[in-house]
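A.B. asks: Input data_12.pdb, format and content: PDB, C-alpha atoms and all ligand atoms.
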```pdb
ATOM      1  CA  MET A   1       0.264  -1.193  -9.528
ATOM      2  CA  GLY A   2       3.561  -1.369 -11.335
ATOM      3  CA  GLN A   3       4.440   0.305 -14.590
ATOM      4  CA  THR A   4       2.528  -2.023 -16.845
ATOM      5  CA  ASP A   5      -1.213  -2.435 -17.024
ATOM      6  CA  GLU A   6      -0.777  -6.100 -16.246
ATOM      7  CA  VAL A   7      -1.487  -6.950 -12.625
ATOM      8  CA  ARG A   8       1.286  -9.117 -11.195
ATOM      9  CA  THR A   9      -0.241 -10.982  -8.291
ATOM     10  CA  GLN A  10       1.888 -13.412  -6.332
ATOM     11  CA  ARG A  11       1.805 -16.826  -7.976
ATOM     12  CA  ASP A  12       1.386 -20.098  -6.138
ATOM     13  CA  ASP A  13       3.255 -22.231  -8.654
ATOM     14  CA  ILE A  14       6.756 -20.799  -8.111
ATOM     15  CA  PRO A  15       8.982 -23.068  -6.004
ATOM     16  CA  ILE A  16      10.409 -21.424  -2.893
ATOM     17  CA  ARG A  17      14.203 -21.437  -2.823
ATOM     18  CA  ASP A  18      16.132 -21.155   0.418
ATOM     19  CA  GLU A  19      17.929 -18.056  -0.860
ATOM     20  CA  ASP A  20      14.556 -16.304  -1.341
ATOM     21  CA  VAL A  21      13.669 -16.657   2.332
ATOM     22  CA  GLU A  22      14.493 -13.906   4.803
ATOM     23  CA  ARG A  23      13.597 -15.439   8.132
ATOM     24  CA  THR A  24      13.517 -12.193  10.094
ATOM     25  CA  PHE A  25      11.061 -10.497   7.711
ATOM     26  CA  LYS A  26       7.974 -11.360   9.759
ATOM     27  CA  TYR A  27       9.566  -9.859  12.881
ATOM     28  CA  GLU A  28      10.569  -6.758  10.924
ATOM     29  CA  VAL A  29       6.873  -6.284  10.093
ATOM     30  CA  ALA A  30       5.451  -7.438  13.441
ATOM     31  CA  HIS A  31       7.658  -5.047  15.405
ATOM     32  CA  GLN A  32       6.172  -2.005  13.692
ATOM     33  CA  VAL A  33       3.083  -0.217  14.978
ATOM     34  CA  GLY A  34       0.006  -2.076  13.736
ATOM     35  CA  GLY A  35       1.980  -5.145  12.720
ATOM     36  CA  GLU A  36       1.830  -6.925  16.080
ATOM     37  CA  GLY A  37      -1.057  -9.203  15.057
ATOM     38  CA  LEU A  38       0.863 -10.748  12.173
ATOM     39  CA  LEU A  39       2.333 -13.492  14.332
ATOM     40  CA  ARG A  40      -1.174 -14.470  15.496
ATOM     41  CA  CYS A  41      -2.386 -15.186  11.954
ATOM     42  CA  LEU A  42      -3.666 -18.756  11.558
ATOM     43  CA  LYS A  43      -3.896 -18.492   7.776
ATOM     44  CA  CYS A  44      -7.547 -19.518   8.094
ATOM     45  CA  GLY A  45      -8.588 -17.477   5.052
ATOM     46  CA  ALA A  46     -11.595 -15.713   6.558
ATOM     47  CA  CYS A  47     -10.045 -12.432   5.418
ATOM     48  CA  SER A  48      -9.757 -13.610   1.807
ATOM     49  CA  GLY A  49     -13.306 -14.972   1.884
ATOM     50  CA  GLY A  50     -14.764 -11.548   2.587
ATOM     51  CA  CYS A  51     -12.415  -9.359   0.594
ATOM     52  CA  PRO A  52     -14.295  -7.391  -2.089
ATOM     53  CA  VAL A  53     -11.109  -6.966  -4.142
ATOM     54  CA  GLY A  54     -10.529 -10.705  -4.001
ATOM     55  CA  ALA A  55     -14.058 -11.266  -5.290
ATOM     56  CA  VAL A  56     -13.096  -9.765  -8.645
ATOM     57  CA  THR A  57      -9.320 -10.416  -8.872
ATOM     58  CA  ASP A  58      -6.720 -13.025  -7.886
ATOM     59  CA  TYR A  59      -5.722 -10.902  -4.887
ATOM     60  CA  ARG A  60      -5.904 -12.696  -1.532
ATOM     61  CA  PRO A  61      -4.897 -11.057   1.769
ATOM     62  CA  ARG A  62      -4.187 -14.485   3.281
ATOM     63  CA  LYS A  63      -1.647 -15.129   0.534
ATOM     64  CA  VAL A  64       0.119 -11.866   1.304
ATOM     65  CA  LEU A  65       0.233 -12.747   5.015
ATOM     66  CA  GLY A  66       1.375 -16.292   4.258
ATOM     67  CA  ASN A  67       4.259 -15.045   2.149
ATOM     68  CA  VAL A  68       5.271 -12.541   4.815
ATOM     69  CA  LEU A  69       5.264 -15.318   7.404
ATOM     70  CA  LEU A  70       7.331 -17.498   5.064
ATOM     71  CA  GLY A  71       9.905 -14.707   4.749
ATOM     72  CA  LEU A  72       9.490 -14.040   1.032
ATOM     73  CA  LYS A  73      10.461 -10.406   1.420
ATOM     74  CA  ASP A  74      11.492  -9.563  -2.126
ATOM     75  CA  LEU A  75       8.475 -11.293  -3.608
ATOM     76  CA  VAL A  76       6.047  -9.523  -1.281
ATOM     77  CA  LEU A  77       7.571  -6.056  -1.594
ATOM     78  CA  SER A  78       7.934  -6.154  -5.366
ATOM     79  CA  SER A  79       4.474  -7.578  -6.049
ATOM     80  CA  ASP A  80       1.415  -5.564  -7.019
ATOM     81  CA  ASP A  81      -0.602  -7.442  -4.398
ATOM     82  CA  ILE A  82       0.220  -5.054  -1.574
ATOM     83  CA  TRP A  83      -1.175  -2.155  -3.622
ATOM     84  CA  MET A  84      -4.524  -3.792  -4.311
ATOM     85  CA  CYS A  85      -6.059  -3.525  -0.835
ATOM     86  CA  ALA A  86      -8.850  -0.940  -0.769
ATOM     87  CA  ALA A  87      -8.639  -0.508   3.030
ATOM     88  CA  CYS A  88     -12.304  -1.392   3.521
ATOM     89  CA  PHE A  89     -11.523  -3.195   6.832
ATOM     90  CA  THR A  90     -13.810  -6.152   6.051
ATOM     91  CA  CYS A  91     -10.945  -8.564   6.720
ATOM     92  CA  GLU A  92     -10.296  -7.010  10.111
ATOM     93  CA  GLU A  93     -13.948  -7.347  11.066
ATOM     94  CA  ARG A  94     -13.871 -11.036  10.127
ATOM     95  CA  CYS A  95     -10.519 -11.950  11.627
ATOM     96  CA  VAL A  96     -10.834 -14.091  14.757
ATOM     97  CA  GLN A  97      -7.218 -13.364  15.650
ATOM     98  CA  GLU A  98      -7.594  -9.581  15.530
ATOM     99  CA  VAL A  99      -4.933  -9.209  12.865
ATOM    100  CA  ASN A 100      -4.930  -5.631  11.576
ATOM    101  CA  PHE A 101      -4.339  -6.399   7.934
ATOM    102  CA  THR A 102      -4.758  -2.831   6.724
ATOM    103  CA  ASP A 103      -2.008  -1.690   9.092
ATOM    104  CA  ILE A 104       0.189  -4.555   7.932
ATOM    105  CA  VAL A 105      -0.352  -3.681   4.291
ATOM    106  CA  THR A 106       0.571  -0.066   5.074
ATOM    107  CA  ILE A 107       3.805  -1.267   6.703
ATOM    108  CA  LEU A 108       4.553  -3.384   3.632
ATOM    109  CA  ARG A 109       3.837  -0.477   1.284
ATOM    110  CA  ASN A 110       6.144   1.795   3.249
ATOM    111  CA  MET A 111       8.905  -0.804   3.047
ATOM    112  CA  ALA A 112       8.274  -1.315  -0.678
ATOM    113  CA  VAL A 113       8.424   2.412  -1.413
ATOM    114  CA  LYS A 114      11.819   2.683   0.298
ATOM    115  CA  GLN A 115      13.071  -0.159  -1.882
ATOM    116  CA  GLY A 116      11.969   1.541  -5.083
ATOM    117  CA  HIS A 117       8.789  -0.443  -5.628
ATOM    118  CA  ALA A 118       6.169   2.300  -5.304
ATOM    119  CA  ALA A 119       3.115   1.655  -7.408
ATOM    120  CA  ARG A 120       2.786   4.128 -10.241
ATOM    121  CA  GLY A 121      -0.614   5.507  -9.217
ATOM    122  CA  TYR A 122       0.506   6.182  -5.654
ATOM    123  CA  LEU A 123       3.741   7.740  -6.872
ATOM    124  CA  GLU A 124       1.821  10.105  -9.114
ATOM    125  CA  MET A 125      -0.443  11.068  -6.211
ATOM    126  CA  ALA A 126       2.596  11.706  -4.000
ATOM    127  CA  ARG A 127       4.189  13.938  -6.634
ATOM    128  CA  THR A 128       0.930  15.859  -7.057
ATOM    129  CA  VAL A 129       0.726  16.473  -3.312
ATOM    130  CA  VAL A 130       4.314  17.760  -3.269
ATOM    131  CA  ALA A 131       3.695  20.024  -6.267
ATOM    132  CA  TYR A 132       0.193  21.313  -5.547
ATOM    133  CA  GLY A 133      -0.576  20.434  -1.934
ATOM    134  CA  ARG A 134      -3.456  18.251  -3.072
ATOM    135  CA  VAL A 135      -3.970  14.731  -4.400
ATOM    136  CA  VAL A 136      -6.145  16.243  -7.144
ATOM    137  CA  PRO A 137      -5.003  19.665  -8.401
ATOM    138  CA  LYS A 138      -7.499  22.515  -8.199
ATOM    139  CA  THR A 139      -8.923  23.232 -11.622
ATOM    140  CA  PHE A 140     -11.426  25.608 -13.177
ATOM    141  CA  ALA A 141     -13.790  22.672 -13.676
ATOM    142  CA  VAL A 142     -13.641  21.769  -9.974
ATOM    143  CA  ASP A 143     -14.228  25.414  -8.986
ATOM    144  CA  LYS A 144     -17.224  25.594 -11.314
ATOM    145  CA  MET A 145     -18.686  22.336 -10.037
ATOM    146  CA  ARG A 146     -18.357  23.507  -6.437
ATOM    147  CA  ALA A 147     -20.042  26.809  -7.282
ATOM    148  CA  ASN A 148     -22.917  24.946  -8.962
ATOM    149  CA  LEU A 149     -23.320  22.867  -5.810
ATOM    150  CA  GLU A 150     -23.207  26.055  -3.722
ATOM    151  CA  LEU A 151     -20.056  24.854  -1.969
ATOM    152  CA  PRO A 152     -17.448  27.388  -0.810
ATOM    153  CA  PRO A 153     -14.370  27.781  -3.027
ATOM    154  CA  LEU A 154     -11.339  25.645  -2.160
ATOM    155  CA  GLN A 155      -8.692  27.395  -0.090
ATOM    156  CA  ASP A 156      -5.097  27.480  -1.305
ATOM    157  CA  PRO A 157      -3.045  24.786   0.470
ATOM    158  CA  ALA A 158      -0.467  25.883   3.073
ATOM    159  CA  MET A 159       2.484  25.030   0.849
ATOM    160  CA  GLU A 160       5.124  26.449   3.181
ATOM    161  CA  GLU A 161       4.025  24.260   6.085
ATOM    162  CA  LEU A 162       3.519  21.297   3.799
ATOM    163  CA  THR A 163       7.037  21.632   2.404
ATOM    164  CA  LYS A 164       8.446  21.697   5.945
ATOM    165  CA  ILE A 165       6.556  18.507   6.809
ATOM    166  CA  ILE A 166       7.722  16.822   3.597
ATOM    167  CA  GLN A 167      11.343  17.689   4.367
ATOM    168  CA  ALA A 168      11.149  16.844   8.086
ATOM    169  CA  SER A 169       9.606  13.436   7.348
ATOM    170  CA  GLY A 170      12.157  12.603   4.647
ATOM    171  CA  PHE A 171       9.372  12.197   2.094
ATOM    172  CA  ASP A 172      11.321  14.288  -0.427
ATOM    173  CA  LYS A 173      14.325  11.966  -0.131
ATOM    174  CA  ILE A 174      12.140   8.919  -0.721
ATOM    175  CA  LEU A 175      10.617  10.517  -3.828
ATOM    176  CA  ALA A 176      14.122  11.367  -5.052
ATOM    177  CA  LEU A 177      14.710   7.606  -5.307
ATOM    178  CA  TYR A 178      12.382   7.672  -8.272
ATOM    179  CA  LYS A 179      13.951  10.585 -10.138
ATOM    180  CA  GLY A 180      14.516   9.942 -13.784
ATOM    181  CA  GLY A 181      11.809   7.308 -13.971
ATOM    182  CA  ASP A 182      10.037   4.896 -11.753
ATOM    183  CA  LYS A 183      12.078   1.941 -10.571
ATOM    184  CA  THR A 184       9.117  -0.308 -11.077
ATOM    185  CA  GLN A 185       9.352   0.097 -14.846
TER     186      GLN A 185
HETATM  187  S1  LIG B 201      -8.712 -13.995   8.958
HETATM  188 FE1  LIG B 201      -7.076 -13.355  10.378
HETATM  189  S2  LIG B 201      -6.173 -15.268  11.119
HETATM  190 FE2  LIG B 201      -7.391 -15.773   9.308
HETATM  191  S3  LIG B 201      -5.890 -15.688   7.604
HETATM  192 FE3  LIG B 201      -6.876 -13.689   7.721
HETATM  193  S4  LIG B 201      -5.526 -12.456   9.030
HETATM  194 FE4  LIG B 201      -4.980 -14.600   9.361
HETATM  195  S1  LIG B 202      -9.101  -4.147   3.834
HETATM  196 FE1  LIG B 202      -8.084  -4.762   1.933
HETATM  197  S2  LIG B 202      -7.568  -6.934   2.191
HETATM  198 FE2  LIG B 202      -9.077  -6.378   3.763
HETATM  199  S3  LIG B 202     -11.045  -6.957   2.863
HETATM  200 FE3  LIG B 202     -10.725  -4.789   2.398
HETATM  201  S4  LIG B 202      -9.710  -4.746   0.403
HETATM  202 FE4  LIG B 202      -9.569  -6.839   1.180
END
```
Output the file's structure in the form of structure tokens.
Ligand code: SF4
Ligand code: SF4

C.D. replies:
Amino acid sequence: MGQTDEVRTQRDDIPIRDEDVERTFKYEVAHQVGGEGLLRCLKCGACSGGCPVGAVTDYRPRKVLGNVLLGLKDLVLSSDDIWMCAACFTCEERCVQEVNFTDIVTILRNMAVKQGHAARGYLEMARTVVAYGRVVPKTFAVDKMRANLELPPLQDPAMEELTKIIQASGFDKILALYKGGDKTQ
């Protein structure tokens, strides 16, 4: 999600202007690994019909795909919609065209992050991984709970190796985009 608690899903009642359309956007997505199926999408809506997130919110995977196919790049990448997918794969199981929506949403998220539109929750998780080597920092409470469950203690993360991976992948440079505050504010 963005920096407010309000969920900004893509609206249907905004007129599409020619200057908002980037006609090569769908190819940009489809040419990435996992995105190939995008151009097969029939916009039938079977994905939206089975989506558990859509059952309780205005989020619709078909709408995301439709806007990608229309070329509404800025709208798609700046919207909270692409961060709402729970990666349950129900849509992929239902899709007659074998569109890998979860891969497509990952591609869209990666593009959004590079444009400064990372959702706050994901950004916080990324910073925690960089700082502690874990999505959830190790705490006394976690150690105690594990001991009560007779689980072995957590090992310290391999921070040296992790730091090398972060630098080699350019992840640190992407996070630096957000220094001094999140751009989605
Ligand atoms: S079910 Fe498949 S073909 Fe139908 S709208 Fe969803 S992604 Fe497109
Ligand atoms: S993978 Fe995402 S879009 Fe597909 S059904 Fe699950 S929550 Fe909905």

A.B. asks: Using all atoms listed in the file, determine which residues fall within 8 Å of ligand LIG 201 (chain B), then list them as a ChimeraX atom specification.

C.D. replies: /A:38,40-48,61-62,65,91-92,94-101

A.B. asks: Find the residues near ligand LIG 202 (chain B). Use a cut-off of 6 Å, count only C-alpha atoms and all ligand atoms, and write them as a PDB file with C-alpha atoms, keeping the file's coordinate frame.

C.D. replies:
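Result file is result-v1.pdb:
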```
ATOM      1  CA  GLY A  50     -14.764 -11.548   2.587  1.00  0.00           C
ATOM      2  CA  CYS A  51     -12.415  -9.359   0.594  1.00  0.00           C
ATOM      3  CA  PRO A  52     -14.295  -7.391  -2.089  1.00  0.00           C
ATOM      4  CA  VAL A  53     -11.109  -6.966  -4.142  1.00  0.00           C
ATOM      5  CA  PRO A  61      -4.897 -11.057   1.769  1.00  0.00           C
ATOM      6  CA  CYS A  85      -6.059  -3.525  -0.835  1.00  0.00           C
ATOM      7  CA  ALA A  86      -8.850  -0.940  -0.769  1.00  0.00           C
ATOM      8  CA  ALA A  87      -8.639  -0.508   3.030  1.00  0.00           C
ATOM      9  CA  CYS A  88     -12.304  -1.392   3.521  1.00  0.00           C
ATOM     10  CA  PHE A  89     -11.523  -3.195   6.832  1.00  0.00           C
ATOM     11  CA  THR A  90     -13.810  -6.152   6.051  1.00  0.00           C
ATOM     12  CA  CYS A  91     -10.945  -8.564   6.720  1.00  0.00           C
ATOM     13  CA  THR A 102      -4.758  -2.831   6.724  1.00  0.00           C
TER      14      THR A 102
END
```

A.B. asks: Near A:Lys144, counting only C-alpha atoms, which residues have an atom at most 10 Å away, once you skip same-chain residues fewer than 6 positions from it, shown as a PyMOL selection string?

C.D. replies: chain A and resi 150-151+153

A.B. asks: Any chance you could export the current selection's C-alpha atoms as a PDB file, keeping the file's coordinate frame?

C.D. replies:
```pdb
ATOM      1  CA  GLU A 150     -23.207  26.055  -3.722  1.00  0.00           C
ATOM      2  CA  LEU A 151     -20.056  24.854  -1.969  1.00  0.00           C
ATOM      3  CA  PRO A 153     -14.370  27.781  -3.027  1.00  0.00           C
TER       4      PRO A 153
END
```

A.B. asks: Using all atoms listed in the file, determine which residues lie at most 12 Å from A:Lys138, disregarding the query and same-chain residues fewer than 3 positions distant; provide the list as JSON, numbers by chain.

C.D. replies: {"A": [128, 129, 131, 132, 133, 134, 135, 141, 142, 143, 144, 145, 146, 153, 154, 155, 156, 157]}

A.B. asks: Which is closer to A:Leu69 than all the others in A:Arg109, A:Lys114, A:Lys179, A:Arg23, using all atoms listed in the file?

C.D. replies: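 Closest to A:Leu69, using all atoms listed in the file: A:Arg23.
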
A.B. asks: Once the PyMOL selection byres (((chain A and resi 67) around 12) and not hetatm) is applied to the coordinates I shared, what remains selected? I want it as a PyMOL selection string.

C.D. replies: chain A and resi 10-12+16+20-23+25-26+38+41+43+60-66+68-77+79+81-82+108

A.B. asks: With all atoms listed in the file as the atoms that count, which of A:Gly121, A:Pro152, A:Gly35, A:Pro15 lies nearest to A:Thr106?

C.D. replies: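 Comparing A:Gly121, A:Pro152, A:Gly35, A:Pro15 against A:Thr106, the winner is A:Gly35.
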
A.B. asks: Rounded to one decimal, what separation in Å do you get between atom CA of A:Leu162 and atom CA of A:Ala118?

C.D. replies: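 Interatomic distance here is 21.2 Å.
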
A.B. asks: Got a sec: who's within 10 Å of A:Ile174, counting all atoms listed in the file, leaving out chain neighbours fewer than 6 positions off, as number ranges by chain?

C.D. replies: A: 113-116

A.B. asks: Using only C-alpha atoms, which residue out of A:Glu19, A:Ile166, A:Gly49, A:Tyr59 lies closest to A:Glu93?

C.D. replies: A:Gly49

A.B. asks: Just checking: using all atoms listed in the file, which residue out of A:Val130, A:Met111, A:Ala147, A:Ala55 ends up closest to A:Lys164?

C.D. replies: A:Val130

A.B. asks: Give me, please, the distance in Å between atom CA of A:Thr57 and atom CA of A:Asp80, quoted to one decimal.

C.D. replies: 11.9 Å

A.B. asks: Between A:Leu175, A:Val29, A:Ile165, A:Ala126, which has the minimum distance to A:Ile107 (counting only C-alpha atoms)?

C.D. replies: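 Of A:Leu175, A:Val29, A:Ile165, A:Ala126, the one nearest A:Ile107 is A:Val29, counting only C-alpha atoms.
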
A.B. asks: Which residue out of A:Leu177, A:Glu124, A:Ser169, A:Glu161 has the minimum interatomic distance to A:Ala112 when only C-alpha atoms are used?

C.D. replies: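 Ranked by minimum distance to A:Ala112, first place goes to A:Leu177.
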
A.B. asks: Hey, could you patch up stretch 122-133 of chain A with N, CA and C atoms and hand it over as an mmCIF file, keeping the file's coordinate frame?

C.D. replies:
```cif
data_model
loop_
_atom_site.group_PDB
_atom_site.id
_atom_site.type_symbol
_atom_site.label_atom_id
_atom_site.label_comp_id
_atom_site.auth_asym_id
_atom_site.auth_seq_id
_atom_site.Cartn_x
_atom_site.Cartn_y
_atom_site.Cartn_z
ATOM 1 N N TYR A 122 0.209 5.557 -6.948
ATOM 2 C CA TYR A 122 0.506 6.182 -5.654
ATOM 3 C C TYR A 122 1.635 7.192 -5.805
ATOM 4 N N LEU A 123 2.611 6.839 -6.643
ATOM 5 C CA LEU A 123 3.741 7.740 -6.872
ATOM 6 C C LEU A 123 3.264 9.043 -7.510
ATOM 7 N N GLU A 124 2.365 8.911 -8.454
ATOM 8 C CA GLU A 124 1.821 10.105 -9.114
ATOM 9 C C GLU A 124 1.052 10.968 -8.116
ATOM 10 N N MET A 125 0.297 10.316 -7.229
ATOM 11 C CA MET A 125 -0.443 11.068 -6.211
ATOM 12 C C MET A 125 0.532 11.804 -5.287
ATOM 13 N N ALA A 126 1.607 11.100 -4.902
ATOM 14 C CA ALA A 126 2.596 11.706 -4.000
ATOM 15 C C ALA A 126 3.232 12.931 -4.653
ATOM 16 N N ARG A 127 3.562 12.803 -5.932
ATOM 17 C CA ARG A 127 4.189 13.938 -6.634
ATOM 18 C C ARG A 127 3.210 15.107 -6.756
ATOM 19 N N THR A 128 1.934 14.792 -6.945
ATOM 20 C CA THR A 128 0.930 15.859 -7.057
ATOM 21 C C THR A 128 0.776 16.588 -5.721
ATOM 22 N N VAL A 129 0.824 15.841 -4.641
ATOM 23 C CA VAL A 129 0.726 16.473 -3.312
ATOM 24 C C VAL A 129 1.920 17.405 -3.101
ATOM 25 N N VAL A 130 3.117 16.933 -3.453
ATOM 26 C CA VAL A 130 4.314 17.760 -3.269
ATOM 27 C C VAL A 130 4.220 19.026 -4.133
ATOM 28 N N ALA A 131 3.733 18.890 -5.341
ATOM 29 C CA ALA A 131 3.695 20.024 -6.267
ATOM 30 C C ALA A 131 2.552 20.995 -5.983
ATOM 31 N N TYR A 132 1.388 20.461 -5.646
ATOM 32 C CA TYR A 132 0.193 21.313 -5.547
ATOM 33 C C TYR A 132 -0.451 21.331 -4.164
ATOM 34 N N GLY A 133 0.029 20.481 -3.269
ATOM 35 C CA GLY A 133 -0.576 20.434 -1.934
ATOM 36 C C GLY A 133 -1.897 19.691 -1.915
#
```
